[in-house]
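my_file36.txt follows (compact mmCIF, C-alpha atoms):
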# COMPACT_ATOMS: atom_id res chain seq x y z
CA ILE R 26 193.85 -99.03 -88.25
CA LYS R 27 194.36 -102.59 -89.43
CA SER R 28 191.76 -104.85 -91.00
CA GLY R 29 189.44 -106.38 -88.41
CA ALA R 30 190.97 -104.33 -85.58
CA PHE R 31 187.68 -103.98 -83.67
CA MET R 32 185.81 -106.88 -85.26
CA ASP R 33 183.11 -108.41 -83.06
CA CYS R 34 183.56 -105.90 -80.25
CA PRO R 35 179.97 -105.13 -79.21
CA ALA R 36 181.14 -103.10 -76.19
CA LEU R 37 182.74 -100.48 -78.47
CA GLU R 38 180.53 -97.38 -78.38
CA ARG R 39 182.90 -94.51 -79.17
CA ILE R 40 186.26 -94.05 -80.88
CA THR R 41 188.63 -91.12 -81.21
CA ILE R 42 190.62 -90.93 -84.43
CA PRO R 43 192.85 -88.42 -86.22
CA LEU R 44 191.47 -86.63 -89.25
CA LYS R 45 193.60 -88.43 -91.81
CA ASP R 46 192.53 -89.94 -95.11
CA GLY R 47 193.38 -93.63 -95.11
CA VAL R 48 193.21 -94.14 -91.34
CA ILE R 49 190.19 -96.43 -91.94
CA ALA R 50 191.52 -98.66 -94.69
CA ALA R 51 189.49 -101.86 -94.49
CA ASP R 52 185.71 -102.22 -94.58
CA ASN R 53 185.67 -104.92 -91.87
CA ILE R 54 187.34 -102.88 -89.11
CA PHE R 55 184.03 -102.41 -87.26
CA ARG R 56 182.21 -105.59 -88.32
CA GLY R 57 180.01 -106.70 -85.45
CA CYS R 58 180.36 -103.40 -83.56
CA ASP R 59 176.63 -102.73 -83.38
CA ASN R 60 176.99 -100.23 -80.52
CA LEU R 61 179.55 -97.96 -82.22
CA LYS R 62 177.63 -94.71 -82.45
CA HIS R 63 180.15 -91.89 -81.86
CA VAL R 64 183.38 -90.78 -83.48
CA ASP R 65 185.46 -87.97 -82.02
CA LEU R 66 188.41 -86.31 -83.66
CA VAL R 67 191.73 -86.13 -81.84
CA GLU R 68 191.98 -82.70 -80.21
CA GLY R 69 194.42 -80.32 -81.78
CA GLU R 70 194.96 -78.98 -85.25
CA VAL R 71 191.48 -79.64 -86.68
CA HIS R 72 189.71 -77.92 -83.81
CA GLU R 73 192.20 -75.03 -83.88
CA THR R 74 191.66 -74.62 -87.62
CA VAL R 75 187.88 -74.57 -87.23
CA ALA R 76 188.09 -72.08 -84.35
CA ALA R 77 190.33 -69.82 -86.44
CA LEU R 78 187.91 -69.60 -89.37
CA GLN R 79 186.96 -65.98 -89.90
CA LEU R 80 183.20 -66.33 -90.38
CA GLU R 81 180.90 -67.81 -87.75
CA GLU R 82 178.84 -69.39 -90.55
CA TRP R 83 181.92 -71.37 -91.65
CA ARG R 84 182.69 -72.47 -88.08
CA ASN R 85 179.09 -73.61 -87.60
CA ASP R 86 179.11 -75.51 -90.91
CA MET R 87 182.37 -77.25 -90.00
CA ASN R 88 181.10 -78.19 -86.53
CA GLU R 89 177.92 -79.61 -88.07
CA GLU R 90 180.01 -81.60 -90.57
CA ILE R 91 182.26 -82.92 -87.81
CA ASP R 92 179.20 -83.98 -85.78
CA SER R 93 177.35 -85.47 -88.78
CA ILE R 94 179.04 -88.87 -88.37
CA ASN R 95 177.31 -89.21 -85.01
CA GLN R 96 173.95 -88.92 -86.78
CA ILE R 97 174.89 -91.54 -89.40
CA LEU R 98 176.66 -94.21 -87.33
CA PRO R 99 173.71 -95.29 -85.12
CA THR R 100 171.78 -96.42 -88.21
CA ALA R 101 174.73 -97.78 -90.24
CA PRO R 102 174.78 -101.59 -90.18
CA ALA R 103 177.77 -103.13 -88.40
CA GLY R 104 177.80 -106.26 -90.54
CA THR R 105 178.04 -109.87 -89.50
CA ARG R 106 180.48 -112.75 -89.87
CA GLY R 107 180.85 -113.94 -93.42
CA SER R 108 180.85 -111.64 -96.37
CA ASP R 109 178.93 -108.70 -94.85
CA ASP R 110 181.44 -106.12 -93.59
CA GLY R 111 178.79 -103.58 -92.67
CA GLU R 112 178.82 -99.89 -93.48
CA LYS R 113 180.33 -98.23 -90.41
CA ALA R 114 183.91 -98.16 -91.77
CA GLN R 115 182.69 -96.88 -95.15
CA ALA R 116 180.62 -94.16 -93.45
CA ILE R 117 183.59 -93.02 -91.36
CA ARG R 118 185.91 -93.03 -94.39
CA THR R 119 183.42 -90.95 -96.43
CA TRP R 120 182.95 -88.58 -93.50
CA ILE R 121 186.71 -88.06 -93.07
CA ARG R 122 187.06 -87.12 -96.74
CA SER R 123 184.11 -84.76 -96.50
CA VAL R 124 185.51 -82.98 -93.43
CA ILE R 125 188.95 -82.66 -95.06
CA GLY R 126 187.34 -81.30 -98.25
CA LYS R 127 185.41 -78.66 -96.33
CA ILE R 128 188.46 -77.62 -94.33
CA ILE R 129 190.44 -77.14 -97.54
CA HIS R 130 187.56 -75.16 -99.07
CA TYR R 131 187.17 -72.83 -96.09
CA GLN R 132 190.94 -72.33 -95.75
CA ALA R 133 191.05 -71.21 -99.40
CA GLU R 134 188.07 -68.90 -98.88
CA GLN R 135 189.67 -67.43 -95.78
CA GLN R 136 192.94 -66.81 -97.67
CA ARG R 137 190.98 -65.09 -100.46
CA LEU R 138 189.27 -62.81 -97.92
CA LEU R 139 192.55 -62.02 -96.21
CA ASP R 140 194.18 -61.17 -99.55
CA GLU R 141 191.31 -58.80 -100.32
CA GLU R 142 191.58 -57.21 -96.86
CA VAL R 143 195.34 -56.73 -97.23
CA ALA R 144 194.92 -55.07 -100.63
CA THR R 145 192.20 -52.77 -99.25
CA THR R 146 194.27 -51.90 -96.17
CA LEU R 147 197.29 -51.07 -98.33
CA GLN R 148 195.18 -48.87 -100.56
CA LEU R 149 193.79 -47.01 -97.54
CA ALA R 150 197.11 -46.74 -95.70
CA LEU R 151 199.36 -45.64 -98.54
CA PRO R 152 199.03 -42.83 -101.02
CA GLN R 153 197.27 -44.01 -104.19
CA ASP R 154 200.25 -43.34 -106.48
CA ILE R 155 202.55 -45.52 -104.34
CA VAL R 156 200.02 -48.36 -104.33
CA MET R 157 199.43 -48.14 -108.09
CA ASN R 158 203.05 -47.63 -109.14
CA ASN R 159 204.98 -49.74 -106.63
CA VAL R 160 202.92 -52.16 -104.55
CA LEU R 161 200.39 -53.63 -106.99
CA PRO R 162 202.87 -54.24 -109.82
CA PHE R 163 205.22 -55.94 -107.35
CA LEU R 164 202.44 -58.27 -106.15
CA GLU R 165 201.62 -59.27 -109.71
CA LEU R 166 205.16 -60.15 -110.81
CA PRO R 167 205.52 -63.52 -112.46
CA SER R 168 207.56 -66.11 -110.61
CA TYR R 169 210.64 -65.19 -112.64
CA THR R 170 211.58 -62.35 -114.99
CA PHE R 171 214.56 -61.38 -117.09
CA GLU R 172 215.41 -58.46 -119.28
CA VAL R 173 215.35 -59.14 -123.00
CA GLU R 174 218.58 -57.20 -123.47
CA ASP R 175 220.36 -59.29 -120.85
CA TYR R 176 219.07 -62.46 -122.46
CA GLU R 177 220.26 -61.32 -125.90
CA GLU R 178 223.71 -60.47 -124.49
CA TRP R 179 223.92 -63.88 -122.81
CA GLU R 180 222.79 -65.59 -125.99
CA GLU R 181 225.40 -63.70 -128.04
CA GLU R 182 228.18 -64.54 -125.55
CA ASP R 183 227.12 -68.19 -125.55
CA TYR R 184 227.20 -68.20 -129.36
CA LEU R 185 230.67 -66.63 -129.44
CA ASP R 186 231.97 -69.15 -126.89
CA SER R 187 230.69 -72.05 -128.97
CA GLU R 188 232.25 -70.54 -132.13
CA GLU R 189 235.62 -70.34 -130.37
CA GLU R 190 235.34 -73.98 -129.26
CA ASP R 191 234.56 -75.03 -132.84
CA HIS R 192 237.65 -73.23 -134.16
CA GLU R 193 239.89 -74.76 -131.48
CA GLU R 194 238.96 -78.28 -132.57

Show how you would write the structure in this file as structure tokens.
Amino acid sequence: IKSGAFMDCPALERITIPLKDGVIAADNIFRGCDNLKHVDLVEGEVHETVAALQLEEWRNDMNEEIDSINQILPTAPAGTRGSDDGEKAQAIRTWIRSVIGKIIHYQAEQQRLLDEEVATTLQLALPQDIVMNNVLPFLELPSYTFEVEDYEEWEEEDYLDSEEEDHEE
């Protein structure tokens, strides 16, 4: 939203915006918008993410965080002409970052819980020796591996190739 987009628009009471950091870039976007008291998030991904959170406590916390801007905005000054830009844009920007931060936090927590559930399910579903000898070591593999013997053979071949090149010159 561009600088001054809604400046001096006292009829503006509610806006709907996407949950995107940087969407409210300038502090004067809502200068003079004394009646702006509600912000809604665009329906879609955010609401689906919140609804998909595994624990009701997390969903409730996210819904409270999403609604918190509507408690702050009525008392945030809108600013006036001149140098006072007001605090509505700053409040919305801070709120967006807070909501995004909580979503990231709860997504990570949910992934951690799911990983624990998967490990427990595998341990219950498969014989213990298969889990210990085959599954768990596989899950803990580093991103790449190589055999020392293979590396030494490659290194020796590379050395021999470079020796041959030296003798050819």

Task: Minimum-distance residue to Arg56 in chain R, chosen among R:Cys34, R:Leu98, R:Ala77, R:Ile125 (using all atoms listed in the file) - done: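 For Arg56 in chain R, the nearest of the given residues is R:Cys34.
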
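Using all atoms listed in the file for every distance, the candidate list R:Leu139, R:Val71, R:Val48, R:Ile129 yields R:Val48 as the residue closest to Gln115 in chain R.
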
- [ ] State, in Å with one decimal place, the distance from CA of Arg118 in chain R to CA of Ile97 in chain R.
- [x]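 One can read the CA of Arg118 in chain R to CA of Ile97 in chain R distance as 12.2 Å.
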
TODO: Excluding Asp46 in chain R and residues on its chain fewer than 5 positions from it, collect all residues at most 12 Å away from it, counting only C-alpha atoms, and give them as a list in words.
DONE: Ile26, Ile117, Arg118, Thr119, Trp120, Ile121, Arg122, Ser123, Val124, Ile125 and Gly126 of chain R

Just C-alpha atoms for this one: save the residues we selected as an mmCIF file, in the frame of the given file.
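To be explicit, this is the file written out as out_14.cif:
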data_model
loop_
_atom_site.group_PDB
_atom_site.id
_atom_site.type_symbol
_atom_site.label_atom_id
_atom_site.label_comp_id
_atom_site.auth_asym_id
_atom_site.auth_seq_id
_atom_site.Cartn_x
_atom_site.Cartn_y
_atom_site.Cartn_z
ATOM 1 C CA ILE R 26 193.850 -99.030 -88.250
ATOM 2 C CA ILE R 117 183.590 -93.020 -91.360
ATOM 3 C CA ARG R 118 185.910 -93.030 -94.390
ATOM 4 C CA THR R 119 183.420 -90.950 -96.430
ATOM 5 C CA TRP R 120 182.950 -88.580 -93.500
ATOM 6 C CA ILE R 121 186.710 -88.060 -93.070
ATOM 7 C CA ARG R 122 187.060 -87.120 -96.740
ATOM 8 C CA SER R 123 184.110 -84.760 -96.500
ATOM 9 C CA VAL R 124 185.510 -82.980 -93.430
ATOM 10 C CA ILE R 125 188.950 -82.660 -95.060
ATOM 11 C CA GLY R 126 187.340 -81.300 -98.250
#

Task: Close residues, Val67 in chain R itself excluded, 10 Å, only C-alpha atoms, min 4 positions apart in chain, as a list of chain:residue names - done: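 Near neighbours after the sequence-gap exclusion: R:Ile40, R:Thr41, R:Ile42, R:Pro43, R:Leu44, R:Val71, R:His72.
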
- [ ] Measure the distance from CA of Lys62 in chain R to CA of Ala50 in chain R in Å and round it to one decimal.
- [x]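 Distance between the two atoms: 18.9 Å.
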
TODO: Using CA of Arg39 in chain R and CA of Tyr131 in chain R as the two end points, give the distance in Å to one decimal.
DONE: 27.8 Å

- [ ] Could you check which of R:Arg84, R:Lys27, R:Lys45, R:Lys113 is closest to Gln135 in chain R, using all atoms listed in the file?
- [x]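 Of R:Arg84, R:Lys27, R:Lys45, R:Lys113, the one nearest Gln135 in chain R, counting all atoms listed in the file, is R:Arg84.
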
- [ ] Could you tell me which of R:Leu149, R:Ile128, R:Ala133, R:Leu37 comes closest to Asp86 in chain R if we count all atoms listed in the file?
- [x]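 When distances to Asp86 in chain R are compared using all atoms listed in the file, the smallest one comes from R:Ile128.
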
Task: 8 Å contact set for Ala51 in chain R, all atoms listed in the file, chain neighbours under 4 positions out, as a PyMOL selection string - done: chain R and resi 27-29+114

Task: Pick from R:Asp92, R:Ala103, R:Gln132, R:Leu80, whichever lies nearest to Glu38 in chain R using all atoms listed in the file - done: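 Checking each of R:Asp92, R:Ala103, R:Gln132, R:Leu80 against Glu38 in chain R, counting all atoms listed in the file, the winner is R:Ala103.
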
So that all listed atoms of range 92-102 of chain R fit with 3 Å spare on each side, what axis-aligned box centre and edge lengths in Å, to one decimal, would you give as AutoDock Vina command-line options?
--center_x 175.5 --center_y -92.8 --center_z -87.6 --size_x 13.4 --size_y 23.6 --size_z 11.2

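Distances here use only C-alpha atoms; by that measure, the residue among R:Ala30, R:Gln79, R:Glu112, R:Gly104 closest to Glu134 in chain R is R:Gln79.
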